[in-house]
Amino acid sequence: WYALVKNLVNYDRELAVEVGVIGRKGNSIHYDIFRHAVIFPLKHTNGVVLGFGAKSFSKTAAKYYNSTSSLFFTKNKFFYGLFESLLLYKKPDFFIVVEGYFDVVRVIQDANIPCIATLGVIVSKYLFFVTSQYVKKIFFCFDGDLAGLKANFSVLLQDFFFTINKIFIFFILLPYKHDPDSYLLQNGKLCFLLRIKFSHSFCTFLFSYSFFHVL
């Protein structure tokens with residue numbers, strides 16, 4: 001609970017609280033925010049670390065959590081893996097957009113494809129604004145469950161005209177209870193590439209989803 005706090009002797013603890021790496025209880029008790037977890041540095045496209053994300057091993061804590069919003073970091077305007085993808089692939093043709101940190105690691109490592117993650121499943125117009133500066137196509141690959149389907153639907157709720165004029169959107173639908181990490185781990189690169197090849201276009205998914213709800 002206090003590993004980082006003990007090493008901040010020569011640093012401003014209030015600044016550490018402000019940027020979200022330690023917490024404060026009462027007026028004087030400080031504790032580590034990121035503990036019992038795998039921690040991921042969240043980097044700006046210039047490589048500067050602006051915050052941290054984590055996947056917790058604790059059964060009592062939230063599964064995923066991030067640095068709190070600050071002057072340096074805004075959760076809904078940040079995409080994990082963007083710096084790494086641009087560094088590795090220079091001028092990518094497209095991005096795979098996923099939900100989790102481990103999904104990004106697995107897609108880049110096993111499929112050798114540029115991949116970024118939203119910090120949460122809510123997709124904002126800012127995602128389209130940022131990605132359109134680098135690519136003309138993005139493939140959404142969310143979890144194969146109801147939450148993943150709703151996340152795909154949230155994409156449809158964005159500015160339609162901006163979407164079809166600036167960037168081409170596709171949806172990769174995974175089997176039930178799979179996420180990109182588990183699917184690649186179980187089925188391998190070739191099967192994942194086939195999922196990309198037979199992905200649904202924006203219009204196809206829009207009409208299919210609408211038909212599904214009519215029924």
# chains A, B, ... in the order shown; residues from 1 in each chain; ligands from 1
>>> closest_atom_pairs(of="segment 118-186 of chain A", to="segment 95-104 of chain A", cutoff="6 Å", atoms="only C-alpha atoms", output="tab-separated table")
residue	atom	partner	partner_atom	distance
A:Thr118	CA	A:Glu99	CA	5.5
A:Val121	CA	A:Glu99	CA	5.9
A:Ile138	CA	A:Phe95	CA	4.9
A:Phe139	CA	A:Ile96	CA	4.8
A:Phe140	CA	A:Val97	CA	4.7
A:Cys141	CA	A:Val98	CA	5.2
A:Phe142	CA	A:Val98	CA	5.4
A:Pro180	CA	A:Asp103	CA	5.4
A:Asp181	CA	A:Asp103	CA	4.6
>>> write_last_selection(atoms="N, CA, C and O atoms", output="mmCIF file, in the first residue's frame")
data_model
loop_
_atom_site.group_PDB
_atom_site.id
_atom_site.type_symbol
_atom_site.label_atom_id
_atom_site.label_comp_id
_atom_site.auth_asym_id
_atom_site.auth_seq_id
_atom_site.Cartn_x
_atom_site.Cartn_y
_atom_site.Cartn_z
ATOM 1 N N THR A 118 -9.430 2.040 -26.427
ATOM 2 C CA THR A 118 -10.136 3.090 -25.709
ATOM 3 C C THR A 118 -10.016 2.782 -24.225
ATOM 4 O O THR A 118 -9.983 1.618 -23.826
ATOM 5 N N VAL A 121 -15.213 1.423 -22.739
ATOM 6 C CA VAL A 121 -15.845 1.035 -24.002
ATOM 7 C C VAL A 121 -16.610 2.162 -24.685
ATOM 8 O O VAL A 121 -17.134 1.979 -25.776
ATOM 9 N N ILE A 138 -10.477 2.030 -39.852
ATOM 10 C CA ILE A 138 -10.333 1.465 -38.517
ATOM 11 C C ILE A 138 -11.290 0.285 -38.376
ATOM 12 O O ILE A 138 -12.396 0.295 -38.907
ATOM 13 N N PHE A 139 -10.825 -0.734 -37.660
ATOM 14 C CA PHE A 139 -11.606 -1.945 -37.417
ATOM 15 C C PHE A 139 -11.881 -2.036 -35.915
ATOM 16 O O PHE A 139 -10.951 -2.158 -35.118
ATOM 17 N N PHE A 140 -13.147 -1.981 -35.525
ATOM 18 C CA PHE A 140 -13.507 -2.137 -34.121
ATOM 19 C C PHE A 140 -13.603 -3.619 -33.798
ATOM 20 O O PHE A 140 -14.293 -4.372 -34.486
ATOM 21 N N CYS A 141 -12.913 -4.022 -32.743
ATOM 22 C CA CYS A 141 -12.928 -5.432 -32.332
ATOM 23 C C CYS A 141 -13.134 -5.489 -30.822
ATOM 24 O O CYS A 141 -12.181 -5.590 -30.047
ATOM 25 N N PHE A 142 -14.392 -5.408 -30.420
ATOM 26 C CA PHE A 142 -14.722 -5.434 -29.005
ATOM 27 C C PHE A 142 -15.071 -6.862 -28.561
ATOM 28 O O PHE A 142 -15.140 -7.782 -29.367
ATOM 29 N N PRO A 180 -10.216 -10.019 -27.973
ATOM 30 C CA PRO A 180 -9.105 -10.202 -28.913
ATOM 31 C C PRO A 180 -7.938 -10.984 -28.312
ATOM 32 O O PRO A 180 -7.311 -11.800 -28.998
ATOM 33 N N ASP A 181 -7.658 -10.750 -27.045
ATOM 34 C CA ASP A 181 -6.566 -11.459 -26.370
ATOM 35 C C ASP A 181 -6.822 -12.964 -26.332
ATOM 36 O O ASP A 181 -6.000 -13.766 -26.777
#
>>> residues_around(residues="Asn46 of chain A", least_positions_apart="3", cutoff="10 Å", atoms="only C-alpha atoms", output="ChimeraX atom specification")
/A:43,49,83,87
>>> residues_around(residues="Asp93 of chain A", least_positions_apart="6", cutoff="10 Å", atoms="only C-alpha atoms", output="short mmCIF file (atom, residue, chain, number, x, y, z; two decimals) with all heavy atoms, in the first residue's frame")
data_model
loop_
_atom_site.label_atom_id
_atom_site.label_comp_id
_atom_site.auth_asym_id
_atom_site.auth_seq_id
_atom_site.Cartn_x
_atom_site.Cartn_y
_atom_site.Cartn_z
N ILE A 113 -0.13 -6.32 -35.96
CA ILE A 113 -1.04 -5.35 -36.55
C ILE A 113 -1.13 -4.14 -35.61
O ILE A 113 -1.21 -4.31 -34.39
CB ILE A 113 -2.45 -5.96 -36.72
CG1 ILE A 113 -2.41 -7.08 -37.77
CG2 ILE A 113 -3.47 -4.90 -37.13
CD1 ILE A 113 -3.73 -7.83 -37.87
N PRO A 114 -1.13 -2.91 -36.14
CA PRO A 114 -1.26 -1.73 -35.28
C PRO A 114 -2.59 -1.73 -34.54
O PRO A 114 -3.65 -1.97 -35.14
CB PRO A 114 -1.15 -0.55 -36.25
CG PRO A 114 -1.44 -1.12 -37.60
CD PRO A 114 -0.98 -2.53 -37.56
N TYR A 134 -4.08 9.70 -39.17
CA TYR A 134 -3.05 8.71 -39.49
C TYR A 134 -3.50 7.65 -40.49
O TYR A 134 -2.68 7.16 -41.27
CB TYR A 134 -2.59 8.01 -38.20
CG TYR A 134 -2.09 8.95 -37.14
CD1 TYR A 134 -2.88 9.25 -36.03
CD2 TYR A 134 -0.84 9.54 -37.24
CE1 TYR A 134 -2.44 10.12 -35.05
CE2 TYR A 134 -0.38 10.41 -36.26
CZ TYR A 134 -1.18 10.71 -35.18
OH TYR A 134 -0.73 11.56 -34.21
N VAL A 135 -4.77 7.28 -40.44
CA VAL A 135 -5.26 6.18 -41.29
C VAL A 135 -6.61 6.54 -41.89
O VAL A 135 -7.27 7.49 -41.46
CB VAL A 135 -5.40 4.87 -40.48
CG1 VAL A 135 -4.07 4.41 -39.92
CG2 VAL A 135 -6.43 5.03 -39.35
N LYS A 136 -7.02 5.76 -42.88
CA LYS A 136 -8.33 5.94 -43.52
C LYS A 136 -9.29 4.81 -43.16
O LYS A 136 -10.46 4.84 -43.55
CB LYS A 136 -8.16 6.01 -45.04
CG LYS A 136 -7.41 7.25 -45.51
CD LYS A 136 -8.15 8.53 -45.10
CE LYS A 136 -7.42 9.77 -45.58
NZ LYS A 136 -8.07 11.02 -45.10
N LYS A 137 -8.79 3.81 -42.42
CA LYS A 137 -9.65 2.68 -42.03
C LYS A 137 -9.40 2.32 -40.58
O LYS A 137 -8.25 2.29 -40.13
CB LYS A 137 -9.38 1.46 -42.92
CG LYS A 137 -9.77 1.60 -44.37
CD LYS A 137 -9.68 0.27 -45.11
CE LYS A 137 -8.24 -0.21 -45.22
NZ LYS A 137 -8.14 -1.45 -46.03
N ILE A 138 -10.48 2.03 -39.85
CA ILE A 138 -10.33 1.46 -38.52
C ILE A 138 -11.29 0.29 -38.38
O ILE A 138 -12.40 0.30 -38.91
CB ILE A 138 -10.58 2.50 -37.39
CG1 ILE A 138 -11.92 3.20 -37.56
CG2 ILE A 138 -9.47 3.50 -37.32
CD1 ILE A 138 -12.22 4.17 -36.44
#
>>> closest_residue(among="A:Leu50, A:Val130, A:Leu82, A:Val38", to="Ser69 of chain A", atoms="only C-alpha atoms")
A:Leu50
>>> closest_residue(among="A:Phe128, A:Phe170, A:Phe72, A:Tyr176", to="Phe198 of chain A", atoms="only C-alpha atoms")
A:Phe170
>>> residues_around(residues="segment 199-210 of chain A", least_positions_apart="3", cutoff="6 Å", atoms="only C-alpha atoms", output="list in words")
Ile169, Phe170, Phe171, Ile172, Arg195, Ile196 and His213 of chain A
>>> write_last_selection(atoms="N, CA, C and O atoms", output="mmCIF file, in the first residue's frame")
data_model
loop_
_atom_site.group_PDB
_atom_site.id
_atom_site.type_symbol
_atom_site.label_atom_id
_atom_site.label_comp_id
_atom_site.auth_asym_id
_atom_site.auth_seq_id
_atom_site.Cartn_x
_atom_site.Cartn_y
_atom_site.Cartn_z
ATOM 1 N N ILE A 169 -15.107 2.577 -41.637
ATOM 2 C CA ILE A 169 -15.248 1.834 -40.388
ATOM 3 C C ILE A 169 -15.724 0.412 -40.656
ATOM 4 O O ILE A 169 -16.616 0.183 -41.469
ATOM 5 N N PHE A 170 -15.106 -0.539 -39.944
ATOM 6 C CA PHE A 170 -15.477 -1.949 -40.039
ATOM 7 C C PHE A 170 -15.598 -2.520 -38.630
ATOM 8 O O PHE A 170 -14.992 -2.022 -37.681
ATOM 9 N N PHE A 171 -16.385 -3.600 -38.524
ATOM 10 C CA PHE A 171 -16.603 -4.250 -37.231
ATOM 11 C C PHE A 171 -16.195 -5.715 -37.316
ATOM 12 O O PHE A 171 -16.692 -6.454 -38.174
ATOM 13 N N ILE A 172 -15.316 -6.125 -36.420
ATOM 14 C CA ILE A 172 -14.906 -7.527 -36.307
ATOM 15 C C ILE A 172 -15.691 -8.135 -35.151
ATOM 16 O O ILE A 172 -15.554 -7.700 -34.003
ATOM 17 N N ARG A 195 -10.956 -13.035 -39.671
ATOM 18 C CA ARG A 195 -12.003 -12.219 -39.060
ATOM 19 C C ARG A 195 -11.950 -10.789 -39.610
ATOM 20 O O ARG A 195 -12.986 -10.167 -39.838
ATOM 21 N N ILE A 196 -10.746 -10.289 -39.808
ATOM 22 C CA ILE A 196 -10.591 -8.952 -40.380
ATOM 23 C C ILE A 196 -11.089 -8.938 -41.819
ATOM 24 O O ILE A 196 -11.825 -8.029 -42.229
ATOM 25 N N HIS A 213 -32.823 -5.746 -34.001
ATOM 26 C CA HIS A 213 -33.666 -5.126 -32.984
ATOM 27 C C HIS A 213 -35.134 -5.092 -33.403
ATOM 28 O O HIS A 213 -36.014 -5.110 -32.553
#
>>> closest_residue(among="A:Ile167, A:Leu86, A:Leu194, A:Leu42", to="Leu119 of chain A", atoms="only C-alpha atoms")
A:Leu42
>>> atom_distance(atom1="atom CA of Gly47 of chain A", atom2="atom CA of Leu88 of chain A")
12.7 Å
>>> closest_residue(among="A:Phe79, A:Phe153, A:Tyr183, A:Phe129", to="Asn66 of chain A", atoms="only C-alpha atoms")
A:Phe79
